[in-house]
file query_38.txt (compact mmCIF, N, CA and C atoms)
# COMPACT_ATOMS: atom_id res chain seq x y z
N GLU A 8 186.96 49.02 9.75
CA GLU A 8 187.04 49.42 11.14
C GLU A 8 187.17 50.94 11.27
N ILE A 9 187.94 51.56 10.42
CA ILE A 9 188.10 53.01 10.43
C ILE A 9 186.77 53.68 10.12
N ALA A 10 186.01 53.12 9.20
CA ALA A 10 184.71 53.67 8.86
C ALA A 10 183.77 53.64 10.06
N GLU A 11 183.85 52.57 10.86
CA GLU A 11 183.02 52.48 12.06
C GLU A 11 183.39 53.58 13.05
N HIS A 12 184.68 53.82 13.22
CA HIS A 12 185.16 54.85 14.14
C HIS A 12 184.75 56.23 13.63
N ASP A 13 184.86 56.43 12.33
CA ASP A 13 184.44 57.72 11.76
C ASP A 13 182.95 57.95 12.00
N GLU A 14 182.17 56.89 11.87
CA GLU A 14 180.73 57.00 12.12
C GLU A 14 180.46 57.31 13.59
N ASP A 15 181.19 56.64 14.48
CA ASP A 15 181.04 56.91 15.92
C ASP A 15 181.39 58.36 16.24
N ILE A 16 182.48 58.83 15.67
CA ILE A 16 182.92 60.21 15.90
C ILE A 16 181.85 61.18 15.39
N SER A 17 181.29 60.89 14.25
CA SER A 17 180.24 61.73 13.67
C SER A 17 179.02 61.78 14.59
N VAL A 18 178.62 60.63 15.12
CA VAL A 18 177.47 60.57 16.04
C VAL A 18 177.78 61.35 17.31
N TRP A 19 178.97 61.14 17.85
CA TRP A 19 179.36 61.84 19.08
C TRP A 19 179.39 63.34 18.87
N THR A 20 179.92 63.76 17.74
CA THR A 20 179.98 65.19 17.43
C THR A 20 178.56 65.77 17.34
N GLY A 21 177.67 65.03 16.69
CA GLY A 21 176.27 65.46 16.60
C GLY A 21 175.61 65.53 17.97
N ASP A 22 175.88 64.52 18.80
CA ASP A 22 175.34 64.51 20.16
C ASP A 22 175.85 65.71 20.97
N GLU A 23 177.14 65.98 20.81
CA GLU A 23 177.73 67.10 21.54
C GLU A 23 177.12 68.43 21.10
N LYS A 24 176.92 68.60 19.81
CA LYS A 24 176.30 69.83 19.30
C LYS A 24 174.88 69.97 19.81
N ALA A 25 174.13 68.87 19.82
CA ALA A 25 172.75 68.89 20.32
C ALA A 25 172.71 69.23 21.80
N ALA A 26 173.60 68.61 22.56
CA ALA A 26 173.65 68.87 24.00
C ALA A 26 174.04 70.32 24.28
N THR A 27 174.97 70.84 23.49
CA THR A 27 175.39 72.24 23.64
C THR A 27 174.22 73.17 23.35
N LYS A 28 173.45 72.88 22.32
CA LYS A 28 172.29 73.70 21.96
C LYS A 28 171.24 73.67 23.08
N VAL A 29 170.97 72.48 23.62
CA VAL A 29 170.01 72.36 24.72
C VAL A 29 170.50 73.16 25.92
N ARG A 30 171.78 73.07 26.22
CA ARG A 30 172.34 73.81 27.36
C ARG A 30 172.24 75.31 27.16
N GLU A 31 172.45 75.78 25.92
CA GLU A 31 172.32 77.21 25.64
C GLU A 31 170.89 77.68 25.87
N ILE A 32 169.92 76.86 25.48
CA ILE A 32 168.52 77.20 25.69
C ILE A 32 168.20 77.22 27.20
N GLU A 33 168.69 76.21 27.91
CA GLU A 33 168.48 76.17 29.36
C GLU A 33 169.10 77.38 30.04
N LYS A 34 170.29 77.77 29.61
CA LYS A 34 170.97 78.92 30.20
C LYS A 34 170.20 80.20 29.92
N ALA A 35 169.68 80.37 28.72
CA ALA A 35 168.90 81.56 28.38
C ALA A 35 167.63 81.62 29.24
N ASN A 36 166.97 80.47 29.42
CA ASN A 36 165.79 80.43 30.28
C ASN A 36 166.14 80.77 31.73
N TYR A 37 167.24 80.19 32.20
CA TYR A 37 167.70 80.49 33.56
C TYR A 37 167.96 81.98 33.72
N ASP A 38 168.67 82.57 32.78
CA ASP A 38 169.00 84.00 32.87
C ASP A 38 167.74 84.85 32.96
N ALA A 39 166.74 84.54 32.14
CA ALA A 39 165.50 85.32 32.14
C ALA A 39 164.75 85.17 33.46
N ILE A 40 164.64 83.95 33.94
CA ILE A 40 163.91 83.71 35.20
C ILE A 40 164.67 84.32 36.37
N HIS A 41 165.98 84.16 36.38
CA HIS A 41 166.79 84.72 37.46
C HIS A 41 166.66 86.24 37.49
N LYS A 42 166.65 86.86 36.34
CA LYS A 42 166.48 88.31 36.26
C LYS A 42 165.13 88.71 36.85
N ASP A 43 164.06 87.98 36.52
CA ASP A 43 162.74 88.28 37.07
C ASP A 43 162.74 88.18 38.59
N TYR A 44 163.33 87.10 39.12
CA TYR A 44 163.39 86.95 40.57
C TYR A 44 164.21 88.06 41.21
N SER A 45 165.34 88.40 40.62
CA SER A 45 166.19 89.44 41.18
C SER A 45 165.49 90.79 41.18
N GLU A 46 164.80 91.11 40.09
CA GLU A 46 164.06 92.37 40.03
C GLU A 46 162.93 92.37 41.05
N SER A 47 162.27 91.25 41.23
CA SER A 47 161.18 91.15 42.19
C SER A 47 161.70 91.30 43.62
N VAL A 48 162.80 90.63 43.92
CA VAL A 48 163.40 90.73 45.26
C VAL A 48 163.81 92.17 45.54
N ASP A 49 164.44 92.81 44.58
CA ASP A 49 164.87 94.20 44.76
C ASP A 49 163.67 95.12 44.98
N ALA A 50 162.64 94.99 44.16
CA ALA A 50 161.46 95.84 44.29
C ALA A 50 160.75 95.61 45.62
N LEU A 51 160.66 94.35 46.04
CA LEU A 51 160.03 94.06 47.33
C LEU A 51 160.84 94.66 48.49
N GLN A 52 162.15 94.54 48.43
CA GLN A 52 162.98 95.11 49.49
C GLN A 52 162.80 96.62 49.57
N ARG A 53 162.76 97.29 48.41
CA ARG A 53 162.56 98.74 48.41
C ARG A 53 161.19 99.12 48.95
N ALA A 54 160.16 98.39 48.52
CA ALA A 54 158.80 98.70 48.97
C ALA A 54 158.65 98.47 50.47
N ILE A 55 159.22 97.38 50.98
CA ILE A 55 159.15 97.11 52.42
C ILE A 55 159.84 98.22 53.19
N THR A 56 160.98 98.65 52.70
CA THR A 56 161.72 99.74 53.35
C THR A 56 160.88 101.01 53.38
N VAL A 57 160.26 101.34 52.25
CA VAL A 57 159.45 102.55 52.18
C VAL A 57 158.29 102.48 53.16
N VAL A 58 157.60 101.36 53.18
CA VAL A 58 156.43 101.23 54.06
C VAL A 58 156.86 101.25 55.53
N LYS A 59 157.93 100.54 55.87
CA LYS A 59 158.38 100.49 57.27
C LYS A 59 158.92 101.84 57.75
N GLU A 60 159.70 102.50 56.90
CA GLU A 60 160.30 103.77 57.31
C GLU A 60 159.26 104.85 57.49
N GLN A 61 158.16 104.70 56.83
CA GLN A 61 157.15 105.74 56.88
C GLN A 61 155.95 105.26 57.68
N SER A 62 156.21 104.81 58.87
CA SER A 62 155.14 104.33 59.72
C SER A 62 154.46 105.50 60.42
N HIS A 63 154.23 106.52 59.65
CA HIS A 63 153.56 107.73 60.11
C HIS A 63 152.75 108.25 58.93
N ASP A 64 152.03 109.32 59.15
CA ASP A 64 151.27 109.90 58.04
C ASP A 64 152.24 110.29 56.94
N ARG A 65 151.82 110.11 55.71
CA ARG A 65 152.71 110.43 54.60
C ARG A 65 151.92 110.89 53.39
N LYS A 66 152.62 111.48 52.48
CA LYS A 66 151.99 111.96 51.25
C LYS A 66 151.73 110.78 50.33
N GLN A 67 150.73 110.91 49.49
CA GLN A 67 150.33 109.84 48.57
C GLN A 67 151.48 109.45 47.64
N ALA A 68 152.31 110.36 47.24
CA ALA A 68 153.38 110.09 46.27
C ALA A 68 154.35 109.03 46.77
N SER A 69 154.49 108.87 48.07
CA SER A 69 155.44 107.90 48.59
C SER A 69 155.00 106.46 48.38
N LEU A 70 153.76 106.24 47.97
CA LEU A 70 153.26 104.89 47.77
C LEU A 70 153.58 104.36 46.37
N VAL A 71 154.31 105.12 45.59
CA VAL A 71 154.67 104.70 44.23
C VAL A 71 155.47 103.41 44.25
N GLN A 72 156.37 103.24 45.21
CA GLN A 72 157.18 102.02 45.32
C GLN A 72 156.29 100.80 45.49
N VAL A 73 155.26 100.92 46.32
CA VAL A 73 154.35 99.80 46.56
C VAL A 73 153.53 99.53 45.30
N SER A 74 153.06 100.58 44.67
CA SER A 74 152.24 100.43 43.46
C SER A 74 153.03 99.74 42.35
N ALA A 75 154.31 100.02 42.26
CA ALA A 75 155.16 99.43 41.21
C ALA A 75 155.25 97.91 41.33
N LEU A 76 155.01 97.36 42.50
CA LEU A 76 155.09 95.91 42.69
C LEU A 76 154.06 95.17 41.83
N LYS A 77 152.94 95.81 41.55
CA LYS A 77 151.89 95.15 40.77
C LYS A 77 152.36 94.81 39.36
N GLU A 78 153.39 95.50 38.88
CA GLU A 78 153.87 95.30 37.52
C GLU A 78 154.88 94.16 37.38
N LEU A 79 155.33 93.61 38.49
CA LEU A 79 156.31 92.52 38.44
C LEU A 79 155.70 91.27 37.83
N LYS A 80 156.45 90.62 36.95
CA LYS A 80 155.96 89.41 36.28
C LYS A 80 155.63 88.29 37.26
N LEU A 81 156.40 88.16 38.30
CA LEU A 81 156.26 87.04 39.23
C LEU A 81 155.25 87.29 40.35
N MET A 82 154.67 88.48 40.39
CA MET A 82 153.75 88.82 41.46
C MET A 82 152.46 88.01 41.33
N PRO A 83 152.12 87.22 42.36
CA PRO A 83 150.88 86.43 42.30
C PRO A 83 149.65 87.35 42.24
N ASP A 84 148.58 86.86 41.61
CA ASP A 84 147.35 87.64 41.48
C ASP A 84 146.78 88.04 42.83
N GLU A 85 146.85 87.14 43.80
CA GLU A 85 146.32 87.45 45.13
C GLU A 85 147.08 88.64 45.75
N ALA A 86 148.39 88.66 45.54
CA ALA A 86 149.19 89.77 46.07
C ALA A 86 148.85 91.07 45.34
N ARG A 87 148.62 90.99 44.03
CA ARG A 87 148.22 92.19 43.27
C ARG A 87 146.91 92.75 43.82
N ARG A 88 145.95 91.86 44.12
CA ARG A 88 144.66 92.33 44.65
C ARG A 88 144.85 92.96 46.04
N THR A 89 145.70 92.37 46.86
CA THR A 89 145.95 92.93 48.18
C THR A 89 146.60 94.30 48.08
N ILE A 90 147.55 94.43 47.17
CA ILE A 90 148.21 95.72 46.98
C ILE A 90 147.21 96.75 46.47
N ASP A 91 146.35 96.35 45.53
CA ASP A 91 145.31 97.26 45.04
C ASP A 91 144.42 97.73 46.19
N ALA A 92 143.99 96.79 47.01
CA ALA A 92 143.13 97.15 48.14
C ALA A 92 143.85 98.09 49.10
N PHE A 93 145.12 97.81 49.33
CA PHE A 93 145.93 98.66 50.20
C PHE A 93 146.03 100.08 49.64
N LEU A 94 146.26 100.18 48.35
CA LEU A 94 146.43 101.49 47.73
C LEU A 94 145.11 102.26 47.58
N GLN A 95 144.00 101.54 47.57
CA GLN A 95 142.71 102.19 47.37
C GLN A 95 142.03 102.56 48.69
N GLN A 96 142.70 102.34 49.80
CA GLN A 96 142.12 102.70 51.08
C GLN A 96 141.87 104.20 51.10
N ASP A 97 140.76 104.59 51.70
CA ASP A 97 140.41 106.00 51.81
C ASP A 97 140.81 106.47 53.19
N PRO A 98 142.01 107.03 53.31
CA PRO A 98 142.48 107.42 54.64
C PRO A 98 141.61 108.52 55.24
N GLU A 99 141.43 108.43 56.54
CA GLU A 99 140.65 109.43 57.24
C GLU A 99 141.38 110.76 57.22
N GLY A 100 140.63 111.82 57.06
CA GLY A 100 141.22 113.15 57.14
C GLY A 100 141.97 113.57 55.91
N LEU A 101 141.82 112.91 54.80
CA LEU A 101 142.53 113.31 53.59
C LEU A 101 141.83 114.51 53.00
N ALA A 102 142.51 115.60 52.94
CA ALA A 102 141.96 116.81 52.34
C ALA A 102 142.54 116.93 50.95
N VAL A 103 141.75 116.73 49.95
CA VAL A 103 142.23 116.68 48.57
C VAL A 103 142.84 118.00 48.15
N THR A 104 142.33 119.10 48.62
CA THR A 104 142.81 120.40 48.18
C THR A 104 144.08 120.83 48.90
N ALA A 105 144.37 120.25 50.03
CA ALA A 105 145.56 120.66 50.79
C ALA A 105 146.77 119.88 50.30
N PRO A 106 147.81 120.57 49.80
CA PRO A 106 148.96 119.87 49.24
C PRO A 106 149.76 119.08 50.27
N GLU A 107 149.69 119.41 51.53
CA GLU A 107 150.46 118.71 52.54
C GLU A 107 149.65 117.66 53.28
N ALA A 108 148.46 117.36 52.82
CA ALA A 108 147.62 116.39 53.52
C ALA A 108 148.23 115.00 53.42
N ALA A 109 148.03 114.22 54.46
CA ALA A 109 148.53 112.85 54.46
C ALA A 109 147.73 112.03 53.46
N GLY A 110 148.41 111.21 52.68
CA GLY A 110 147.73 110.34 51.73
C GLY A 110 147.35 109.03 52.36
N TYR A 111 147.96 108.74 53.49
CA TYR A 111 147.70 107.45 54.12
C TYR A 111 148.18 107.51 55.56
N GLU A 112 147.39 107.01 56.47
CA GLU A 112 147.83 106.87 57.86
C GLU A 112 148.28 105.43 58.04
N PHE A 113 149.43 105.25 58.65
CA PHE A 113 150.04 103.92 58.74
C PHE A 113 149.15 102.93 59.47
N GLN A 114 148.70 101.94 58.75
CA GLN A 114 147.92 100.84 59.28
C GLN A 114 148.27 99.61 58.46
N SER A 115 149.50 99.52 58.04
CA SER A 115 149.86 98.56 57.00
C SER A 115 150.71 97.40 57.48
N HIS A 116 150.53 97.00 58.70
CA HIS A 116 151.31 95.86 59.17
C HIS A 116 151.01 94.60 58.35
N GLY A 117 149.75 94.46 57.92
CA GLY A 117 149.37 93.31 57.10
C GLY A 117 150.05 93.31 55.75
N ILE A 118 150.16 94.48 55.13
CA ILE A 118 150.81 94.57 53.82
C ILE A 118 152.31 94.31 53.97
N VAL A 119 152.91 94.78 55.04
CA VAL A 119 154.34 94.52 55.28
C VAL A 119 154.57 93.03 55.44
N GLU A 120 153.72 92.37 56.20
CA GLU A 120 153.86 90.93 56.39
C GLU A 120 153.72 90.18 55.07
N MET A 121 152.74 90.59 54.24
CA MET A 121 152.56 89.94 52.95
C MET A 121 153.78 90.15 52.05
N LEU A 122 154.31 91.38 52.03
CA LEU A 122 155.48 91.68 51.21
C LEU A 122 156.70 90.90 51.69
N GLU A 123 156.86 90.81 53.00
CA GLU A 123 157.99 90.04 53.54
C GLU A 123 157.87 88.56 53.22
N LYS A 124 156.64 88.03 53.26
CA LYS A 124 156.42 86.63 52.91
C LYS A 124 156.76 86.40 51.43
N LEU A 125 156.31 87.30 50.56
CA LEU A 125 156.63 87.19 49.14
C LEU A 125 158.14 87.27 48.92
N LEU A 126 158.78 88.18 49.64
CA LEU A 126 160.23 88.33 49.52
C LEU A 126 160.92 87.03 49.89
N ASP A 127 160.52 86.42 51.00
CA ASP A 127 161.11 85.13 51.41
C ASP A 127 160.89 84.06 50.34
N GLU A 128 159.67 84.00 49.81
CA GLU A 128 159.36 82.99 48.79
C GLU A 128 160.22 83.20 47.54
N PHE A 129 160.31 84.45 47.08
CA PHE A 129 161.09 84.73 45.87
C PHE A 129 162.57 84.45 46.09
N MET A 130 163.08 84.76 47.27
CA MET A 130 164.49 84.49 47.54
C MET A 130 164.75 82.98 47.58
N GLN A 131 163.83 82.22 48.18
CA GLN A 131 163.99 80.76 48.21
C GLN A 131 163.91 80.17 46.81
N GLU A 132 162.96 80.66 46.01
CA GLU A 132 162.81 80.16 44.65
C GLU A 132 164.04 80.52 43.80
N ARG A 133 164.57 81.72 44.00
CA ARG A 133 165.77 82.12 43.26
C ARG A 133 166.95 81.25 43.66
N THR A 134 167.08 80.95 44.95
CA THR A 134 168.17 80.09 45.43
C THR A 134 168.04 78.69 44.85
N THR A 135 166.82 78.17 44.82
CA THR A 135 166.58 76.85 44.22
C THR A 135 166.96 76.86 42.75
N LEU A 136 166.56 77.91 42.06
CA LEU A 136 166.89 78.07 40.64
C LEU A 136 168.41 78.10 40.44
N GLU A 137 169.12 78.83 41.30
CA GLU A 137 170.58 78.91 41.19
C GLU A 137 171.23 77.54 41.43
N LYS A 138 170.72 76.79 42.41
CA LYS A 138 171.25 75.45 42.68
C LYS A 138 171.02 74.53 41.49
N GLU A 139 169.82 74.60 40.91
CA GLU A 139 169.52 73.78 39.75
C GLU A 139 170.43 74.14 38.57
N GLU A 140 170.70 75.42 38.42
CA GLU A 140 171.59 75.87 37.33
C GLU A 140 173.01 75.32 37.55
N MET A 141 173.48 75.37 38.79
CA MET A 141 174.82 74.86 39.07
C MET A 141 174.90 73.36 38.81
N ASN A 142 173.84 72.63 39.13
CA ASN A 142 173.82 71.19 38.90
C ASN A 142 173.66 70.87 37.41
N GLY A 143 173.10 71.78 36.65
CA GLY A 143 172.86 71.55 35.23
C GLY A 143 174.08 71.83 34.36
N LYS A 144 175.08 72.46 34.93
CA LYS A 144 176.27 72.80 34.15
C LYS A 144 177.08 71.57 33.84
call {"tool": "encode", "arguments": {"input": "query_38.txt", "output": "structure tokens"}}
result
Amino acid sequence: EIAEHDEDISVWTGDEKAATKVREIEKANYDAIHKDYSESVDALQRAITVVKEQSHDRKQASLVQVSALKELKLMPDEARRTIDAFLQQDPEGLAVTAPEAAGYEFQSHGIVEMLEKLLDEFMQERTTLEKEEMNGK
């Protein structure tokens, strides 16, 4: 009878170690995905702020925040193409030789809407991920 209990304890210990290992892997995956969502949310918030605050003519350098969004891991291909198109617009009156020339005249309500939609989606997905993590503990 003692041998049976020892065998049960051995199986349970093995099961516990296996479950702990699986949980560690799940936690590492969660951490990586959560970091991606958090970085994406932060970058989108900054880019939206930049675009909204500068609803006037502005220098080309200020579009760096928007351009950086293309590098996010979670950015959908369609959004990358839209951002590319937005950044490649040839603004009227751009004088290449004049250092103070506007790089873009504000016509970006569509890009702001797309960025806000992505922000909402990423925040919802991050929240879902957090809920799943809490339930998985």
call {"tool": "atom_distance", "arguments": {"input": "query_38.txt", "atom1": "atom CA of Tyr37 of chain A", "atom2": "atom N of Ala50 of chain A"}}
result
18.7 Å
call {"tool": "residues_around", "arguments": {"input": "query_38.txt", "residues": "Ile90 of chain A", "least_positions_apart": "3", "cutoff": "8 Å", "atoms": "all atoms listed in the file", "output": "PyMOL selection string"}}
result
chain A and resi 73-74+76-77+84-87+93-96+118
call {"tool": "atom_distance", "arguments": {"input": "query_38.txt", "atom1": "atom CA of His41 of chain A", "atom2": "atom C of Asp22 of chain A"}}
result
26.7 Å
call {"tool": "atom_distance", "arguments": {"input": "query_38.txt", "atom1": "atom CA of Glu60 of chain A", "atom2": "atom C of Ile40 of chain A"}}
result
28.9 Å
call {"tool": "residues_around", "arguments": {"input": "query_38.txt", "residues": "Ser47 of chain A", "least_positions_apart": "4", "cutoff": "7 Å", "atoms": "all atoms listed in the file", "output": "list in words"}}
result
Lys42, Asp43, Leu51, Gln52, Leu79, Leu81, Leu126 and Phe129 of chain A
call {"tool": "residues_around", "arguments": {"input": "query_38.txt", "residues": "Arg30 of chain A", "least_positions_apart": "4", "cutoff": "9 Å", "atoms": "only C-alpha atoms", "output": "list in words"}}
result
Ala25, Ala26, Lys34, Ala35, Gly143 and Lys144 of chain A
call {"tool": "decode", "arguments": {"input": "query_38.txt", "residues": "segment 78-90 of chain A", "atoms": "all heavy atoms", "output": "compact mmCIF listing (two decimals), in the first residue's frame"}}
result
# COMPACT_ATOMS: atom_id res chain seq x y z
N GLU A 78 6.75 50.23 -38.16
CA GLU A 78 7.70 49.26 -37.62
C GLU A 78 7.11 48.38 -36.52
O GLU A 78 7.74 47.43 -36.09
CB GLU A 78 8.94 49.97 -37.09
CG GLU A 78 9.62 50.89 -38.11
CD GLU A 78 9.98 50.17 -39.40
OE1 GLU A 78 10.47 49.02 -39.33
OE2 GLU A 78 9.77 50.74 -40.48
N LEU A 79 5.91 48.69 -36.06
CA LEU A 79 5.29 47.91 -34.99
C LEU A 79 4.96 46.50 -35.48
O LEU A 79 4.42 46.32 -36.56
CB LEU A 79 4.03 48.60 -34.48
CG LEU A 79 4.24 49.95 -33.81
CD1 LEU A 79 2.90 50.59 -33.50
CD2 LEU A 79 5.06 49.81 -32.55
N LYS A 80 5.24 45.51 -34.66
CA LYS A 80 4.98 44.11 -35.02
C LYS A 80 3.51 43.85 -35.29
O LYS A 80 3.17 43.06 -36.16
CB LYS A 80 5.45 43.18 -33.89
CG LYS A 80 6.92 43.11 -33.69
CD LYS A 80 7.24 42.19 -32.53
CE LYS A 80 8.71 42.23 -32.19
NZ LYS A 80 9.02 41.39 -31.04
N LEU A 81 2.64 44.47 -34.54
CA LEU A 81 1.21 44.18 -34.62
C LEU A 81 0.47 45.00 -35.67
O LEU A 81 -0.72 44.82 -35.87
CB LEU A 81 0.56 44.42 -33.26
CG LEU A 81 1.08 43.54 -32.13
CD1 LEU A 81 0.48 43.97 -30.80
CD2 LEU A 81 0.76 42.08 -32.38
N MET A 82 1.18 45.90 -36.35
CA MET A 82 0.54 46.76 -37.33
C MET A 82 0.09 45.95 -38.54
O MET A 82 0.90 45.30 -39.19
CB MET A 82 1.51 47.86 -37.77
CG MET A 82 0.87 48.94 -38.62
SD MET A 82 -0.45 49.87 -37.82
CE MET A 82 0.39 50.58 -36.43
N PRO A 83 -1.22 45.96 -38.85
CA PRO A 83 -1.71 45.22 -40.01
C PRO A 83 -1.12 45.78 -41.31
O PRO A 83 -0.83 46.96 -41.41
CB PRO A 83 -3.22 45.45 -39.97
CG PRO A 83 -3.52 45.94 -38.60
CD PRO A 83 -2.28 46.61 -38.10
N ASP A 84 -0.97 44.91 -42.32
CA ASP A 84 -0.41 45.33 -43.60
C ASP A 84 -1.22 46.45 -44.24
O ASP A 84 -0.65 47.38 -44.82
CB ASP A 84 -0.32 44.14 -44.56
CG ASP A 84 0.77 43.16 -44.15
OD1 ASP A 84 1.70 43.55 -43.44
OD2 ASP A 84 0.68 41.98 -44.56
N GLU A 85 -2.54 46.38 -44.13
CA GLU A 85 -3.39 47.42 -44.72
C GLU A 85 -3.09 48.78 -44.08
O GLU A 85 -3.02 49.80 -44.77
CB GLU A 85 -4.86 47.06 -44.54
CG GLU A 85 -5.80 48.08 -45.14
CD GLU A 85 -7.26 47.70 -44.96
OE1 GLU A 85 -7.57 46.51 -44.81
OE2 GLU A 85 -8.09 48.62 -44.96
N ALA A 86 -2.88 48.78 -42.77
CA ALA A 86 -2.56 50.03 -42.09
C ALA A 86 -1.18 50.54 -42.51
O ALA A 86 -0.99 51.74 -42.70
CB ALA A 86 -2.60 49.83 -40.58
N ARG A 87 -0.23 49.63 -42.69
CA ARG A 87 1.11 50.04 -43.17
C ARG A 87 1.00 50.71 -44.54
O ARG A 87 1.64 51.73 -44.79
CB ARG A 87 2.02 48.82 -43.28
CG ARG A 87 2.46 48.24 -41.97
CD ARG A 87 3.35 47.02 -42.22
NE ARG A 87 3.31 46.06 -41.15
CZ ARG A 87 4.06 46.12 -40.06
NH1 ARG A 87 4.91 47.08 -39.91
NH2 ARG A 87 3.94 45.21 -39.11
N ARG A 88 0.18 50.14 -45.42
CA ARG A 88 0.02 50.73 -46.76
C ARG A 88 -0.64 52.10 -46.67
O ARG A 88 -0.25 53.03 -47.39
CB ARG A 88 -0.80 49.78 -47.66
CG ARG A 88 -0.02 48.54 -48.08
CD ARG A 88 -0.76 47.74 -49.15
NE ARG A 88 -2.02 47.18 -48.68
CZ ARG A 88 -2.12 46.00 -48.06
NH1 ARG A 88 -1.05 45.27 -47.83
NH2 ARG A 88 -3.30 45.56 -47.66
N THR A 89 -1.62 52.24 -45.80
CA THR A 89 -2.29 53.53 -45.64
C THR A 89 -1.32 54.57 -45.10
O THR A 89 -1.30 55.71 -45.57
CB THR A 89 -3.50 53.39 -44.69
OG1 THR A 89 -4.38 52.40 -45.22
CG2 THR A 89 -4.23 54.70 -44.52
N ILE A 90 -0.51 54.18 -44.14
CA ILE A 90 0.48 55.10 -43.58
C ILE A 90 1.49 55.49 -44.65
O ILE A 90 1.86 56.67 -44.78
CB ILE A 90 1.18 54.48 -42.35
CG1 ILE A 90 0.17 54.38 -41.19
CG2 ILE A 90 2.39 55.30 -41.94
CD1 ILE A 90 0.64 53.53 -40.03
